[in-house]
$ cat coords32.pdb   # PDB, N, CA and C atoms
ATOM      1  N   MET T   9      33.626 -10.951  17.507
ATOM      2  CA  MET T   9      34.076  -9.654  17.057
ATOM      3  C   MET T   9      33.003  -8.963  16.229
ATOM      4  N   ALA T  10      32.287  -9.742  15.412
ATOM      5  CA  ALA T  10      31.234  -9.161  14.580
ATOM      6  C   ALA T  10      30.104  -8.609  15.438
ATOM      7  N   ALA T  11      29.811  -9.281  16.549
ATOM      8  CA  ALA T  11      28.751  -8.803  17.438
ATOM      9  C   ALA T  11      29.132  -7.456  18.056
ATOM     10  N   PHE T  12      30.420  -7.276  18.352
ATOM     11  CA  PHE T  12      30.889  -6.001  18.915
ATOM     12  C   PHE T  12      30.659  -4.864  17.923
ATOM     13  N   PHE T  13      31.053  -5.088  16.659
ATOM     14  CA  PHE T  13      30.884  -4.048  15.655
ATOM     15  C   PHE T  13      29.411  -3.788  15.351
ATOM     16  N   THR T  14      28.606  -4.822  15.404
ATOM     17  CA  THR T  14      27.169  -4.642  15.192
ATOM     18  C   THR T  14      26.562  -3.791  16.293
ATOM     19  N   SER T  15      26.908  -4.091  17.542
ATOM     20  CA  SER T  15      26.367  -3.293  18.649
ATOM     21  C   SER T  15      26.922  -1.865  18.636
ATOM     22  N   LEU T  16      28.200  -1.694  18.282
ATOM     23  CA  LEU T  16      28.776  -0.350  18.169
ATOM     24  C   LEU T  16      28.083   0.438  17.063
ATOM     25  N   ASN T  17      27.854  -0.198  15.932
ATOM     26  CA  ASN T  17      27.153   0.440  14.822
ATOM     27  C   ASN T  17      25.735   0.846  15.224
ATOM     28  N   ASP T  18      25.015  -0.049  15.879
ATOM     29  CA  ASP T  18      23.660   0.265  16.323
ATOM     30  C   ASP T  18      23.657   1.434  17.297
ATOM     31  N   TRP T  19      24.617   1.470  18.208
ATOM     32  CA  TRP T  19      24.680   2.540  19.200
ATOM     33  C   TRP T  19      25.020   3.880  18.550
ATOM     34  N   LEU T  20      26.021   3.871  17.651
ATOM     35  CA  LEU T  20      26.410   5.116  16.991
ATOM     36  C   LEU T  20      25.302   5.650  16.099
ATOM     37  N   TRP T  21      24.679   4.792  15.298
ATOM     38  CA  TRP T  21      23.652   5.238  14.379
ATOM     39  C   TRP T  21      22.316   5.454  15.074
ATOM     40  N   GLY T  22      22.205   5.080  16.321
ATOM     41  CA  GLY T  22      20.978   5.312  17.071
ATOM     42  C   GLY T  22      21.107   6.523  17.965
ATOM     43  N   ASN T  23      21.804   6.370  19.060
ATOM     44  CA  ASN T  23      21.865   7.423  20.078
ATOM     45  C   ASN T  23      22.714   8.613  19.653
ATOM     46  N   ILE T  24      23.913   8.355  19.209
ATOM     47  CA  ILE T  24      24.843   9.437  18.878
ATOM     48  C   ILE T  24      24.333  10.251  17.697
ATOM     49  N   LEU T  25      23.858   9.602  16.663
ATOM     50  CA  LEU T  25      23.405  10.311  15.475
ATOM     51  C   LEU T  25      22.195  11.182  15.782
ATOM     52  N   VAL T  26      21.253  10.672  16.546
ATOM     53  CA  VAL T  26      20.071  11.465  16.899
ATOM     54  C   VAL T  26      20.481  12.695  17.707
ATOM     55  N   ALA T  27      21.348  12.518  18.678
ATOM     56  CA  ALA T  27      21.809  13.653  19.486
ATOM     57  C   ALA T  27      22.562  14.667  18.627
ATOM     58  N   ALA T  28      23.409  14.197  17.719
ATOM     59  CA  ALA T  28      24.167  15.105  16.855
ATOM     60  C   ALA T  28      23.233  15.880  15.930
ATOM     61  N   LEU T  29      22.225  15.219  15.373
ATOM     62  CA  LEU T  29      21.288  15.911  14.490
ATOM     63  C   LEU T  29      20.456  16.941  15.234
ATOM     64  N   VAL T  30      20.024  16.623  16.436
ATOM     65  CA  VAL T  30      19.268  17.599  17.234
ATOM     66  C   VAL T  30      20.140  18.798  17.583
ATOM     67  N   CYS T  31      21.376  18.536  17.994
ATOM     68  CA  CYS T  31      22.294  19.636  18.319
ATOM     69  C   CYS T  31      22.580  20.513  17.100
ATOM     70  N   CYS T  32      22.809  19.895  15.946
ATOM     71  CA  CYS T  32      23.051  20.671  14.724
ATOM     72  C   CYS T  32      21.822  21.492  14.337
ATOM     73  N   GLY T  33      20.647  20.919  14.463
ATOM     74  CA  GLY T  33      19.421  21.646  14.155
ATOM     75  C   GLY T  33      19.233  22.846  15.060
ATOM     76  N   LEU T  34      19.498  22.662  16.356
ATOM     77  CA  LEU T  34      19.390  23.795  17.289
ATOM     78  C   LEU T  34      20.442  24.855  16.996
ATOM     79  N   TRP T  35      21.653  24.440  16.660
ATOM     80  CA  TRP T  35      22.718  25.401  16.373
ATOM     81  C   TRP T  35      22.390  26.217  15.118
ATOM     82  N   PHE T  36      21.953  25.530  14.049
ATOM     83  CA  PHE T  36      21.606  26.253  12.825
ATOM     84  C   PHE T  36      20.401  27.165  13.042
ATOM     85  N   THR T  37      19.441  26.722  13.853
ATOM     86  CA  THR T  37      18.303  27.586  14.171
ATOM     87  C   THR T  37      18.771  28.846  14.885
ATOM     88  N   TRP T  38      19.651  28.698  15.831
ATOM     89  CA  TRP T  38      20.179  29.844  16.571
ATOM     90  C   TRP T  38      20.991  30.773  15.660
ATOM     91  N   ARG T  39      21.879  30.198  14.829
ATOM     92  CA  ARG T  39      22.746  31.006  13.970
ATOM     93  C   ARG T  39      21.969  31.752  12.878
ATOM     94  N   THR T  40      20.860  31.190  12.419
ATOM     95  CA  THR T  40      20.054  31.865  11.399
ATOM     96  C   THR T  40      18.949  32.713  12.015
ATOM     97  N   ARG T  41      19.000  32.876  13.311
ATOM     98  CA  ARG T  41      18.039  33.672  14.072
ATOM     99  C   ARG T  41      16.604  33.213  13.819
ATOM    100  N   PHE T  42      16.385  31.893  13.894
ATOM    101  CA  PHE T  42      15.056  31.285  13.807
ATOM    102  C   PHE T  42      14.348  31.629  12.498
ATOM    103  N   VAL T  43      15.100  31.566  11.394
ATOM    104  CA  VAL T  43      14.555  31.953  10.089
ATOM    105  C   VAL T  43      13.346  31.107   9.703
ATOM    106  N   GLN T  44      13.314  29.846  10.095
ATOM    107  CA  GLN T  44      12.198  28.991   9.708
ATOM    108  C   GLN T  44      10.900  29.410  10.383
ATOM    109  N   PHE T  45      10.985  30.159  11.477
ATOM    110  CA  PHE T  45       9.780  30.659  12.133
ATOM    111  C   PHE T  45       9.484  32.102  11.728
ATOM    112  N   ARG T  46      10.530  32.897  11.527
ATOM    113  CA  ARG T  46      10.345  34.303  11.165
ATOM    114  C   ARG T  46       9.760  34.471   9.778
ATOM    115  N   MET T  47      10.074  33.591   8.871
ATOM    116  CA  MET T  47       9.717  33.784   7.461
ATOM    117  C   MET T  47       8.558  32.902   6.990
ATOM    118  N   ILE T  48       7.745  32.395   7.906
ATOM    119  CA  ILE T  48       6.622  31.540   7.497
ATOM    120  C   ILE T  48       5.655  32.306   6.607
ATOM    121  N   GLY T  49       5.340  33.539   6.962
ATOM    122  CA  GLY T  49       4.430  34.339   6.142
ATOM    123  C   GLY T  49       4.973  34.577   4.744
ATOM    124  N   GLU T  50       6.260  34.875   4.638
ATOM    125  CA  GLU T  50       6.890  35.078   3.327
ATOM    126  C   GLU T  50       6.871  33.793   2.509
ATOM    127  N   MET T  51       7.075  32.642   3.161
ATOM    128  CA  MET T  51       7.047  31.365   2.469
ATOM    129  C   MET T  51       5.670  31.110   1.864
ATOM    130  N   ILE T  52       4.639  31.343   2.654
ATOM    131  CA  ILE T  52       3.273  31.113   2.167
ATOM    132  C   ILE T  52       2.949  32.087   1.037
ATOM    133  N   ARG T  53       3.387  33.331   1.151
ATOM    134  CA  ARG T  53       3.150  34.316   0.105
ATOM    135  C   ARG T  53       3.828  33.896  -1.206
ATOM    136  N   LEU T  54       5.064  33.428  -1.103
ATOM    137  CA  LEU T  54       5.789  33.022  -2.305
ATOM    138  C   LEU T  54       5.200  31.766  -2.939
ATOM    139  N   LEU T  55       4.726  30.842  -2.109
ATOM    140  CA  LEU T  55       4.139  29.621  -2.659
ATOM    141  C   LEU T  55       2.865  29.909  -3.436
ATOM    142  N   GLY T  56       2.089  30.891  -3.000
ATOM    143  CA  GLY T  56       0.846  31.223  -3.687
ATOM    144  C   GLY T  56       0.986  32.360  -4.662
ATOM    145  N   ASP T  57       2.173  32.909  -4.835
ATOM    146  CA  ASP T  57       2.391  34.097  -5.658
ATOM    147  C   ASP T  57       2.070  33.873  -7.122
ATOM    148  N   SER T  58       2.409  32.737  -7.669
ATOM    149  CA  SER T  58       2.259  32.514  -9.106
ATOM    150  C   SER T  58       0.977  31.801  -9.479
ATOM    151  N   VAL T  59       0.086  31.617  -8.544
ATOM    152  CA  VAL T  59      -1.189  30.978  -8.868
ATOM    153  C   VAL T  59      -2.027  31.911  -9.732
ATOM    154  N   VAL T  60      -1.947  33.198  -9.440
ATOM    155  CA  VAL T  60      -2.683  34.197 -10.205
ATOM    156  C   VAL T  60      -1.841  34.600 -11.418
ATOM    157  N   PRO T  61      -2.452  34.686 -12.602
ATOM    158  CA  PRO T  61      -1.675  35.105 -13.776
ATOM    159  C   PRO T  61      -1.120  36.521 -13.611
ATOM    160  N   SER T  62       0.012  36.769 -14.253
ATOM    161  CA  SER T  62       0.635  38.085 -14.173
ATOM    162  C   SER T  62      -0.149  39.090 -15.019
ATOM    163  N   GLU T  63       0.299  40.336 -15.008
ATOM    164  CA  GLU T  63      -0.412  41.396 -15.724
ATOM    165  C   GLU T  63      -0.429  41.179 -17.238
ATOM    166  N   LYS T  64       0.522  40.462 -17.781
ATOM    167  CA  LYS T  64       0.546  40.201 -19.217
ATOM    168  C   LYS T  64      -0.298  38.986 -19.593
ATOM    169  N   GLY T  65      -0.871  38.321 -18.616
ATOM    170  CA  GLY T  65      -1.703  37.162 -18.884
ATOM    171  C   GLY T  65      -0.939  35.855 -18.918
ATOM    172  N   LYS T  66       0.383  35.925 -18.798
ATOM    173  CA  LYS T  66       1.186  34.707 -18.810
ATOM    174  C   LYS T  66       1.397  34.231 -17.385
ATOM    175  N   ARG T  67       1.331  32.942 -17.227
ATOM    176  CA  ARG T  67       1.565  32.349 -15.913
ATOM    177  C   ARG T  67       3.000  31.876 -15.862
ATOM    178  N   HIS T  68       3.734  32.200 -14.808
ATOM    179  CA  HIS T  68       5.117  31.758 -14.697
ATOM    180  C   HIS T  68       5.231  30.661 -13.642
ATOM    181  N   ILE T  69       6.381  30.079 -13.550
ATOM    182  CA  ILE T  69       6.603  28.960 -12.637
ATOM    183  C   ILE T  69       6.597  29.461 -11.202
ATOM    184  N   SER T  70       5.817  28.803 -10.368
ATOM    185  CA  SER T  70       5.757  29.193  -8.960
ATOM    186  C   SER T  70       6.961  28.630  -8.206
ATOM    187  N   SER T  71       7.152  29.115  -7.012
ATOM    188  CA  SER T  71       8.243  28.608  -6.177
ATOM    189  C   SER T  71       8.043  27.133  -5.876
ATOM    190  N   PHE T  72       6.806  26.731  -5.631
ATOM    191  CA  PHE T  72       6.542  25.332  -5.329
ATOM    192  C   PHE T  72       6.838  24.441  -6.531
ATOM    193  N   GLU T  73       6.479  24.891  -7.723
ATOM    194  CA  GLU T  73       6.760  24.097  -8.921
ATOM    195  C   GLU T  73       8.264  23.944  -9.133
ATOM    196  N   ALA T  74       9.016  25.011  -8.908
ATOM    197  CA  ALA T  74      10.472  24.925  -9.024
ATOM    198  C   ALA T  74      11.038  23.974  -7.980
ATOM    199  N   PHE T  75      10.505  24.049  -6.763
ATOM    200  CA  PHE T  75      10.940  23.151  -5.692
ATOM    201  C   PHE T  75      10.629  21.698  -6.049
ATOM    202  N   ALA T  76       9.426  21.447  -6.573
ATOM    203  CA  ALA T  76       9.027  20.074  -6.909
ATOM    204  C   ALA T  76       9.925  19.489  -7.997
ATOM    205  N   VAL T  77      10.253  20.287  -9.001
ATOM    206  CA  VAL T  77      11.134  19.812 -10.065
ATOM    207  C   VAL T  77      12.528  19.537  -9.515
ATOM    208  N   SER T  78      13.007  20.413  -8.645
ATOM    209  CA  SER T  78      14.332  20.224  -8.048
ATOM    210  C   SER T  78      14.394  18.939  -7.228
ATOM    211  N   VAL T  79      13.377  18.699  -6.421
ATOM    212  CA  VAL T  79      13.347  17.475  -5.611
ATOM    213  C   VAL T  79      13.241  16.248  -6.505
ATOM    214  N   ALA T  80      12.423  16.323  -7.536
ATOM    215  CA  ALA T  80      12.250  15.171  -8.425
ATOM    216  C   ALA T  80      13.554  14.800  -9.118
ATOM    217  N   THR T  81      14.315  15.797  -9.555
ATOM    218  CA  THR T  81      15.572  15.474 -10.232
ATOM    219  C   THR T  81      16.583  14.881  -9.268
ATOM    220  N   ARG T  82      16.613  15.383  -8.046
ATOM    221  CA  ARG T  82      17.567  14.852  -7.070
ATOM    222  C   ARG T  82      17.196  13.450  -6.623
ATOM    223  N   VAL T  83      15.911  13.220  -6.374
ATOM    224  CA  VAL T  83      15.474  11.901  -5.933
ATOM    225  C   VAL T  83      15.651  10.888  -7.055
ATOM    226  N   GLY T  84      15.316  11.281  -8.279
ATOM    227  CA  GLY T  84      15.478  10.366  -9.409
ATOM    228  C   GLY T  84      16.929   9.977  -9.621
ATOM    229  N   THR T  85      17.823  10.955  -9.552
ATOM    230  CA  THR T  85      19.246  10.666  -9.712
ATOM    231  C   THR T  85      19.748   9.792  -8.574
ATOM    232  N   GLY T  86      19.298  10.078  -7.365
ATOM    233  CA  GLY T  86      19.706   9.268  -6.219
ATOM    234  C   GLY T  86      19.213   7.838  -6.320
ATOM    235  N   ASN T  87      18.006   7.662  -6.828
ATOM    236  CA  ASN T  87      17.483   6.307  -7.008
ATOM    237  C   ASN T  87      18.300   5.537  -8.030
ATOM    238  N   MET T  88      18.646   6.190  -9.133
ATOM    239  CA  MET T  88      19.455   5.505 -10.138
ATOM    240  C   MET T  88      20.854   5.198  -9.596
ATOM    241  N   ALA T  89      21.421   6.137  -8.859
ATOM    242  CA  ALA T  89      22.761   5.919  -8.308
ATOM    243  C   ALA T  89      22.760   4.799  -7.275
ATOM    244  N   GLY T  90      21.646   4.577  -6.618
ATOM    245  CA  GLY T  90      21.564   3.500  -5.642
ATOM    246  C   GLY T  90      21.196   2.164  -6.241
ATOM    247  N   VAL T  91      20.327   2.176  -7.239
ATOM    248  CA  VAL T  91      19.833   0.927  -7.812
ATOM    249  C   VAL T  91      20.839   0.318  -8.781
ATOM    250  N   CYS T  92      21.473   1.145  -9.598
ATOM    251  CA  CYS T  92      22.387   0.614 -10.623
ATOM    252  C   CYS T  92      23.529  -0.214 -10.033
ATOM    253  N   PRO T  93      24.249   0.267  -9.014
ATOM    254  CA  PRO T  93      25.314  -0.590  -8.456
ATOM    255  C   PRO T  93      24.771  -1.871  -7.820
ATOM    256  N   THR T  94      23.590  -1.774  -7.228
ATOM    257  CA  THR T  94      23.000  -2.966  -6.617
ATOM    258  C   THR T  94      22.642  -3.987  -7.677
ATOM    259  N   ARG T  95      22.056  -3.532  -8.756
ATOM    260  CA  ARG T  95      21.709  -4.449  -9.832
ATOM    261  C   ARG T  95      22.965  -5.047 -10.460
ATOM    262  N   TYR T  96      24.002  -4.250 -10.613
ATOM    263  CA  TYR T  96      25.239  -4.750 -11.194
ATOM    264  C   TYR T  96      25.886  -5.780 -10.273
ATOM    265  N   GLN T  97      25.854  -5.530  -8.978
ATOM    266  CA  GLN T  97      26.482  -6.433  -8.013
ATOM    267  C   GLN T  97      25.755  -7.779  -7.961
ATOM    268  N   ASN T  98      24.435  -7.754  -8.074
ATOM    269  CA  ASN T  98      23.643  -8.985  -7.981
ATOM    270  C   ASN T  98      23.284  -9.555  -9.340
ATOM    271  N   TRP T  99      23.951  -9.103 -10.393
ATOM    272  CA  TRP T  99      23.620  -9.520 -11.746
ATOM    273  C   TRP T  99      23.946 -10.984 -11.953
ATOM    274  N   ARG T 100      23.022 -11.697 -12.552
ATOM    275  CA  ARG T 100      23.217 -13.089 -12.923
ATOM    276  C   ARG T 100      22.791 -13.221 -14.377
ATOM    277  N   PRO T 101      23.534 -13.938 -15.176
ATOM    278  CA  PRO T 101      23.103 -14.117 -16.565
ATOM    279  C   PRO T 101      21.813 -14.919 -16.631
ATOM    280  N   ILE T 102      20.984 -14.601 -17.604
ATOM    281  CA  ILE T 102      19.724 -15.317 -17.777
ATOM    282  C   ILE T 102      20.032 -16.671 -18.398
ATOM    283  N   SER T 103      19.506 -17.713 -17.778
ATOM    284  CA  SER T 103      19.792 -19.052 -18.312
ATOM    285  C   SER T 103      18.896 -19.312 -19.504
ATOM    286  N   THR T 104      19.433 -20.017 -20.454
ATOM    287  CA  THR T 104      18.654 -20.391 -21.629
ATOM    288  C   THR T 104      17.931 -21.700 -21.352
ATOM    289  N   ALA T 105      17.076 -22.110 -22.260
ATOM    290  CA  ALA T 105      16.282 -23.324 -22.040
ATOM    291  C   ALA T 105      17.173 -24.571 -21.940
ATOM    292  N   GLY T 106      18.247 -24.627 -22.677
ATOM    293  CA  GLY T 106      19.108 -25.783 -22.652
ATOM    294  C   GLY T 106      20.191 -25.723 -21.581
ATOM    295  N   ASN T 107      20.329 -24.601 -20.902
ATOM    296  CA  ASN T 107      21.411 -24.439 -19.934
ATOM    297  C   ASN T 107      20.834 -23.921 -18.615
ATOM    298  N   ASN T 108      20.327 -24.809 -17.790
ATOM    299  CA  ASN T 108      19.743 -24.421 -16.503
ATOM    300  C   ASN T 108      20.734 -24.650 -15.385
ATOM    301  N   LYS T 109      21.543 -23.667 -15.129
ATOM    302  CA  LYS T 109      22.534 -23.804 -14.051
ATOM    303  C   LYS T 109      22.178 -22.921 -12.897
TER     304      LYS T 109
END
$ encode --input "coords32.pdb" --output "structure tokens"
Amino acid sequence: MAAFFTSLNDWLWGNILVAALVCCGLWFTWRTRFVQFRMIGEMIRLLGDSVVPSEKGKRHISSFEAFAVSVATRVGTGNMAGVCPTRYQNWRPISTAGNNK
């Protein structure tokens, strides 16, 4: 029975998931009217917009810097949310010198 569920899991997470993700990507591309291709120039302009200081001489946060901070906070939180339960589940008390069990 375990072999059946293993093969079903492999099939679903392999073939079905890839097909579903490709279909969703094509659907979102169509519904947004190919925004990822239409706005490439605007993306590059915004990424380089804050490299040059503003008229007051102050430099503000660029779009890329805001994006990097956003990704860092999400990845860091996700790492803690994944590692903490794993560490708790596999936790073993540290043995002392006189108690080696």
$ atom_distance --input "coords32.pdb" --atom1 "atom CA of Ala89 of chain T" --atom2 "atom C of Ala76 of chain T"
18.7 Å
$ atom_distance --input "coords32.pdb" --atom1 "atom C of Gly49 of chain T" --atom2 "atom N of Phe36 of chain T"
21.4 Å
$ atom_distance --input "coords32.pdb" --atom1 "atom N of Ile24 of chain T" --atom2 "atom CA of Phe12 of chain T"
16.0 Å
$ axis_aligned_box --input "coords32.pdb" --around "segment 80-96 of chain T" --padding-each-side "4 Å" --output "JSON"
{"center_x": 19.1, "center_y": 5.3, "center_z": -8.4, "size_x": 21.6, "size_y": 30.1, "size_z": 13.6}
$ residues_around --input "coords32.pdb" --residues "Gly56 of chain T" --least-positions-apart "6" --cutoff "8 Å" --atoms "only N, CA and C atoms" --output "number ranges by chain"
T: 50, 70-72
$ build_atoms --input "coords32.pdb" --residues "segment 41-59 of chain T" --atoms "N, CA, C and O atoms" --output "PDB file, keeping the file's coordinate frame"
ATOM      1  N   ARG T  41      19.000  32.876  13.311  1.00  0.00           N
ATOM      2  CA  ARG T  41      18.039  33.672  14.072  1.00  0.00           C
ATOM      3  C   ARG T  41      16.604  33.213  13.819  1.00  0.00           C
ATOM      4  O   ARG T  41      15.721  34.017  13.537  1.00  0.00           O
ATOM      5  N   PHE T  42      16.385  31.893  13.894  1.00  0.00           N
ATOM      6  CA  PHE T  42      15.056  31.285  13.807  1.00  0.00           C
ATOM      7  C   PHE T  42      14.348  31.629  12.498  1.00  0.00           C
ATOM      8  O   PHE T  42      13.163  31.948  12.477  1.00  0.00           O
ATOM      9  N   VAL T  43      15.100  31.566  11.394  1.00  0.00           N
ATOM     10  CA  VAL T  43      14.555  31.953  10.089  1.00  0.00           C
ATOM     11  C   VAL T  43      13.346  31.107   9.703  1.00  0.00           C
ATOM     12  O   VAL T  43      12.416  31.593   9.059  1.00  0.00           O
ATOM     13  N   GLN T  44      13.314  29.846  10.095  1.00  0.00           N
ATOM     14  CA  GLN T  44      12.198  28.991   9.708  1.00  0.00           C
ATOM     15  C   GLN T  44      10.900  29.410  10.383  1.00  0.00           C
ATOM     16  O   GLN T  44       9.819  29.085   9.902  1.00  0.00           O
ATOM     17  N   PHE T  45      10.985  30.159  11.477  1.00  0.00           N
ATOM     18  CA  PHE T  45       9.780  30.659  12.133  1.00  0.00           C
ATOM     19  C   PHE T  45       9.484  32.102  11.728  1.00  0.00           C
ATOM     20  O   PHE T  45       8.320  32.486  11.595  1.00  0.00           O
ATOM     21  N   ARG T  46      10.530  32.897  11.527  1.00  0.00           N
ATOM     22  CA  ARG T  46      10.345  34.303  11.165  1.00  0.00           C
ATOM     23  C   ARG T  46       9.760  34.471   9.778  1.00  0.00           C
ATOM     24  O   ARG T  46       9.029  35.428   9.516  1.00  0.00           O
ATOM     25  N   MET T  47      10.074  33.591   8.871  1.00  0.00           N
ATOM     26  CA  MET T  47       9.717  33.784   7.461  1.00  0.00           C
ATOM     27  C   MET T  47       8.558  32.902   6.990  1.00  0.00           C
ATOM     28  O   MET T  47       8.402  32.699   5.788  1.00  0.00           O
ATOM     29  N   ILE T  48       7.745  32.395   7.906  1.00  0.00           N
ATOM     30  CA  ILE T  48       6.622  31.540   7.497  1.00  0.00           C
ATOM     31  C   ILE T  48       5.655  32.306   6.607  1.00  0.00           C
ATOM     32  O   ILE T  48       5.191  31.798   5.589  1.00  0.00           O
ATOM     33  N   GLY T  49       5.340  33.539   6.962  1.00  0.00           N
ATOM     34  CA  GLY T  49       4.430  34.339   6.142  1.00  0.00           C
ATOM     35  C   GLY T  49       4.973  34.577   4.744  1.00  0.00           C
ATOM     36  O   GLY T  49       4.233  34.499   3.753  1.00  0.00           O
ATOM     37  N   GLU T  50       6.260  34.875   4.638  1.00  0.00           N
ATOM     38  CA  GLU T  50       6.890  35.078   3.327  1.00  0.00           C
ATOM     39  C   GLU T  50       6.871  33.793   2.509  1.00  0.00           C
ATOM     40  O   GLU T  50       6.649  33.818   1.298  1.00  0.00           O
ATOM     41  N   MET T  51       7.075  32.642   3.161  1.00  0.00           N
ATOM     42  CA  MET T  51       7.047  31.365   2.469  1.00  0.00           C
ATOM     43  C   MET T  51       5.670  31.110   1.864  1.00  0.00           C
ATOM     44  O   MET T  51       5.552  30.739   0.691  1.00  0.00           O
ATOM     45  N   ILE T  52       4.639  31.343   2.654  1.00  0.00           N
ATOM     46  CA  ILE T  52       3.273  31.113   2.167  1.00  0.00           C
ATOM     47  C   ILE T  52       2.949  32.087   1.037  1.00  0.00           C
ATOM     48  O   ILE T  52       2.326  31.722   0.040  1.00  0.00           O
ATOM     49  N   ARG T  53       3.387  33.331   1.151  1.00  0.00           N
ATOM     50  CA  ARG T  53       3.150  34.316   0.105  1.00  0.00           C
ATOM     51  C   ARG T  53       3.828  33.896  -1.206  1.00  0.00           C
ATOM     52  O   ARG T  53       3.235  33.973  -2.275  1.00  0.00           O
ATOM     53  N   LEU T  54       5.064  33.428  -1.103  1.00  0.00           N
ATOM     54  CA  LEU T  54       5.789  33.022  -2.305  1.00  0.00           C
ATOM     55  C   LEU T  54       5.200  31.766  -2.939  1.00  0.00           C
ATOM     56  O   LEU T  54       5.194  31.629  -4.165  1.00  0.00           O
ATOM     57  N   LEU T  55       4.726  30.842  -2.109  1.00  0.00           N
ATOM     58  CA  LEU T  55       4.139  29.621  -2.659  1.00  0.00           C
ATOM     59  C   LEU T  55       2.865  29.909  -3.436  1.00  0.00           C
ATOM     60  O   LEU T  55       2.566  29.257  -4.432  1.00  0.00           O
ATOM     61  N   GLY T  56       2.089  30.891  -3.000  1.00  0.00           N
ATOM     62  CA  GLY T  56       0.846  31.223  -3.687  1.00  0.00           C
ATOM     63  C   GLY T  56       0.986  32.360  -4.662  1.00  0.00           C
ATOM     64  O   GLY T  56       0.004  32.770  -5.294  1.00  0.00           O
ATOM     65  N   ASP T  57       2.173  32.909  -4.835  1.00  0.00           N
ATOM     66  CA  ASP T  57       2.391  34.097  -5.658  1.00  0.00           C
ATOM     67  C   ASP T  57       2.070  33.873  -7.122  1.00  0.00           C
ATOM     68  O   ASP T  57       1.490  34.727  -7.772  1.00  0.00           O
ATOM     69  N   SER T  58       2.409  32.737  -7.669  1.00  0.00           N
ATOM     70  CA  SER T  58       2.259  32.514  -9.106  1.00  0.00           C
ATOM     71  C   SER T  58       0.977  31.801  -9.479  1.00  0.00           C
ATOM     72  O   SER T  58       0.790  31.429 -10.628  1.00  0.00           O
ATOM     73  N   VAL T  59       0.086  31.617  -8.544  1.00  0.00           N
ATOM     74  CA  VAL T  59      -1.189  30.978  -8.868  1.00  0.00           C
ATOM     75  C   VAL T  59      -2.027  31.911  -9.732  1.00  0.00           C
ATOM     76  O   VAL T  59      -2.700  31.500 -10.659  1.00  0.00           O
TER      77      VAL T  59
END
